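Structure record follows, encoded as structure tokens.
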Amino acid sequence: MALILFNKPFQVLCQFSPQDGKATLADHLSIPGIYPAGRLDYDSEGLMLLTDDGKLQHTIAHPDHKEAKVYLVQVDGVPDADSLARLQAPIDLGDFTTLPCKAVRIAEPEWLWPRHPPIRQRADQPTSWLAITLQEGKNRQVRRMTAAVGLPTLRLIRTAIGALSLASHPLMPGEWMAVSAQDLRG
């Protein structure tokens with residue numbers, strides 16, 4: 001086995017060991033000897049890579065080999081041209097400055113599964129969807145970036161890592177599949 005693609009559900013920890021009664025990867029994957037090659041926050045959803053190959057795990061996670069990652073982000077509010085430009089430029093988040101990225105407004109994806117529990121709805125506050133492509137992926141980076149431009153994140157779904165995506169490999173939350181490591185590079 002080389003590489004496992006996993007669609008991490010909302011509120012699942014990116015670890016196999018139990019913690020405080022929260023759901024973990026062990027609740028969805030029973031493949032011995034695999035480990036995450038990167039993480040997603042507890043409150044984030046979407047594509048994760050896992051492997052039993054330590055060298056491959058290091059290569060995927062190492063900063064010198066960062067694969068582009070695409071996130072679909074539902075935000076509180078409606079971005080204007082200025083907030084999109086600010087998202088794409090380096091943002092000083094205090095402990096680090098982000099690299100430039102791609103950020104575009106998109107329509108709500110029709111294929112997207114409902115989240116449980118659902119996102120709160122406020123009649124007086126519209127929400128919008130963005131597609132953000134990063135070459136890095138620091139702790140809570142996308143959430144911190146959108147908050148810095150006045151658009152708090154309501155829902156965050158990683159849909160692609162390198163050439164692997166939920167579009168090319170459709171998986172519902174909690175589902176997984178094995179692929180070749182060569183598929184990561186396209």
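Residues in the structure tokens are named by chain (A, B, ... in the order shown) and by number from 1 within that chain; ligands are numbered from 1 in the order shown.
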
Using only C-alpha atoms, find each residue of stretch 63-117 of chain A with at least one atom at most 10 Å away from an atom of stretch 122-139 of chain A; report its shortest atom-to-atom pair and that distance in Å (one decimal), sort the rows by chain and rising residue number, and return the result as a Markdown table.
```
| residue | atom | partner | partner_atom | distance |
| --- | --- | --- | --- | --- |
| A:Pro63 | CA | A:Glu136 | CA | 7.5 |
| A:Asp64 | CA | A:Glu136 | CA | 9.9 |
| A:His65 | CA | A:Gln135 | CA | 9.5 |
| A:Lys66 | CA | A:Gln135 | CA | 6.2 |
| A:Glu67 | CA | A:Gln135 | CA | 6.2 |
| A:Ala68 | CA | A:Gln135 | CA | 4.6 |
| A:Lys69 | CA | A:Leu134 | CA | 5.3 |
| A:Val70 | CA | A:Thr133 | CA | 4.4 |
| A:Tyr71 | CA | A:Ile132 | CA | 5.2 |
| A:Leu72 | CA | A:Ala131 | CA | 4.7 |
| A:Val73 | CA | A:Leu130 | CA | 5.1 |
| A:Gln74 | CA | A:Trp129 | CA | 4.5 |
| A:Val75 | CA | A:Ser128 | CA | 5.4 |
| A:Asp76 | CA | A:Thr127 | CA | 4.7 |
| A:Gly77 | CA | A:Thr127 | CA | 4.9 |
| A:Val78 | CA | A:Ser128 | CA | 5.6 |
| A:Pro79 | CA | A:Ser128 | CA | 7.5 |
| A:Leu84 | CA | A:Leu130 | CA | 9.2 |
| A:Leu87 | CA | A:Ile132 | CA | 8.7 |
| A:Gln88 | CA | A:Ile132 | CA | 8.6 |
| A:Phe96 | CA | A:Lys138 | CA | 9.1 |
| A:Thr98 | CA | A:Glu136 | CA | 8.1 |
| A:Leu99 | CA | A:Glu136 | CA | 7.4 |
| A:Pro100 | CA | A:Leu134 | CA | 7.9 |
| A:Cys101 | CA | A:Leu134 | CA | 5.3 |
| A:Lys102 | CA | A:Thr133 | CA | 5.1 |
| A:Ala103 | CA | A:Ile132 | CA | 4.4 |
| A:Val104 | CA | A:Ala131 | CA | 5.4 |
| A:Arg105 | CA | A:Leu130 | CA | 4.4 |
| A:Ile106 | CA | A:Leu130 | CA | 5.4 |
| A:Ala107 | CA | A:Trp129 | CA | 6.2 |
| A:Glu108 | CA | A:Trp129 | CA | 5.9 |
| A:Pro109 | CA | A:Trp129 | CA | 8.5 |
```

Open item on the list: Which of chain A end up as strand (DSSP E) when DSSP is run on this backbone - answer as JSON, numbers by chain?
Closed with: {"A": [3, 4, 5, 6, 7, 8, 12, 13, 23, 24, 35, 36, 45, 46, 47, 48, 49, 50, 51, 69, 70, 71, 72, 73, 74, 75, 76, 102, 103, 104, 105, 106, 127, 128, 129, 130, 131, 132, 133, 134, 153, 154, 155, 156, 157, 158, 159, 160, 161, 164, 165, 176, 177, 178, 179]}

Filtering to C-alpha atoms, could you give me those residues as an mmCIF file, in the first residue's frame?
```
data_model
loop_
_atom_site.group_PDB
_atom_site.id
_atom_site.type_symbol
_atom_site.label_atom_id
_atom_site.label_comp_id
_atom_site.auth_asym_id
_atom_site.auth_seq_id
_atom_site.Cartn_x
_atom_site.Cartn_y
_atom_site.Cartn_z
ATOM 1 C CA LEU A 3 -1.159 6.126 -0.138
ATOM 2 C CA ILE A 4 -4.632 6.362 1.383
ATOM 3 C CA LEU A 5 -7.013 9.192 0.480
ATOM 4 C CA PHE A 6 -9.487 9.859 3.275
ATOM 5 C CA ASN A 7 -12.374 12.329 3.399
ATOM 6 C CA LYS A 8 -12.199 13.478 7.027
ATOM 7 C CA VAL A 12 -12.794 14.150 13.811
ATOM 8 C CA LEU A 13 -9.281 14.420 15.268
ATOM 9 C CA ALA A 23 -13.975 10.919 17.259
ATOM 10 C CA THR A 24 -10.598 10.026 15.730
ATOM 11 C CA TYR A 35 -0.085 7.626 9.710
ATOM 12 C CA PRO A 36 -1.336 11.032 8.530
ATOM 13 C CA GLU A 45 -13.414 18.583 6.652
ATOM 14 C CA GLY A 46 -12.059 17.023 3.531
ATOM 15 C CA LEU A 47 -9.104 15.345 1.912
ATOM 16 C CA MET A 48 -6.308 13.859 3.993
ATOM 17 C CA LEU A 49 -3.433 11.619 2.953
ATOM 18 C CA LEU A 50 -2.224 8.703 5.076
ATOM 19 C CA THR A 51 0.580 6.236 4.420
ATOM 20 C CA LYS A 69 -3.777 22.512 -1.404
ATOM 21 C CA VAL A 70 -7.237 23.714 -2.422
ATOM 22 C CA TYR A 71 -9.804 24.668 0.213
ATOM 23 C CA LEU A 72 -13.470 25.519 -0.235
ATOM 24 C CA VAL A 73 -14.372 28.059 2.409
ATOM 25 C CA GLN A 74 -17.810 29.272 3.429
ATOM 26 C CA VAL A 75 -17.383 32.709 4.998
ATOM 27 C CA ASP A 76 -19.591 35.030 6.982
ATOM 28 C CA LYS A 102 -4.987 32.255 -5.069
ATOM 29 C CA ALA A 103 -8.434 33.215 -3.727
ATOM 30 C CA VAL A 104 -11.582 33.464 -5.848
ATOM 31 C CA ARG A 105 -15.270 33.713 -5.067
ATOM 32 C CA ILE A 106 -17.272 30.694 -6.256
ATOM 33 C CA THR A 127 -22.571 33.909 3.460
ATOM 34 C CA SER A 128 -20.270 33.332 0.492
ATOM 35 C CA TRP A 129 -17.980 30.602 -0.816
ATOM 36 C CA LEU A 130 -14.321 30.994 -1.729
ATOM 37 C CA ALA A 131 -11.773 28.651 -3.303
ATOM 38 C CA ILE A 132 -8.345 29.260 -1.756
ATOM 39 C CA THR A 133 -5.207 27.565 -3.080
ATOM 40 C CA LEU A 134 -2.160 27.549 -0.792
ATOM 41 C CA THR A 153 -14.769 31.078 8.248
ATOM 42 C CA LEU A 154 -17.975 29.135 8.840
ATOM 43 C CA ARG A 155 -17.036 25.927 7.004
ATOM 44 C CA LEU A 156 -13.708 24.707 5.641
ATOM 45 C CA ILE A 157 -13.264 21.742 3.273
ATOM 46 C CA ARG A 158 -9.921 20.735 1.749
ATOM 47 C CA THR A 159 -10.719 19.350 -1.692
ATOM 48 C CA ALA A 160 -7.271 18.799 -3.226
ATOM 49 C CA ILE A 161 -3.654 18.060 -2.380
ATOM 50 C CA LEU A 164 -5.288 14.325 -5.926
ATOM 51 C CA SER A 165 -8.748 15.747 -5.383
ATOM 52 C CA TRP A 176 -11.263 6.211 1.881
ATOM 53 C CA MET A 177 -9.422 4.625 -1.044
ATOM 54 C CA ALA A 178 -5.890 3.482 -1.810
ATOM 55 C CA VAL A 179 -3.998 5.155 -4.679
#
```

- [ ] May I ask which of the residues A:Gly174, A:Phe16, A:Pro114, A:Ala147 is the closest one to A:Ile91, counting only C-alpha atoms?
- [x] A:Ala147

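Looking only at stretch 46-167 of chain A, the set that DSSP places in helix (DSSP H, G or I) from backbone geometry is Gly54, Lys55, Leu56, Gln57, His58, Thr59, Ile60, Ala61, Pro63, Asp64, His65, Ala81, Asp82, Ser83, Leu84, Ala85, Arg86, Leu87, Gln88, Gln141, Val142, Arg143, Arg144, Met145, Thr146, Ala147 and Ala148 of chain A.
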
Open item on the list: Quick check, in Å to one decimal: how far apart do atom CA of A:Ala37 and atom CA of A:Ile60 lie?
Closed with: 6.1 Å

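Here the question is which of A:Pro170, A:Pro18, A:Pro152, A:Pro90 gets nearest to A:Trp113 using only C-alpha atoms, and that residue is A:Pro170.
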
- [ ] Could you jot down the atom CA of A:Arg86 to atom CA of A:Pro118 separation for me, Å, one decimal place?
- [x]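 Separation between atom CA of A:Arg86 and atom CA of A:Pro118: 28.7 Å.
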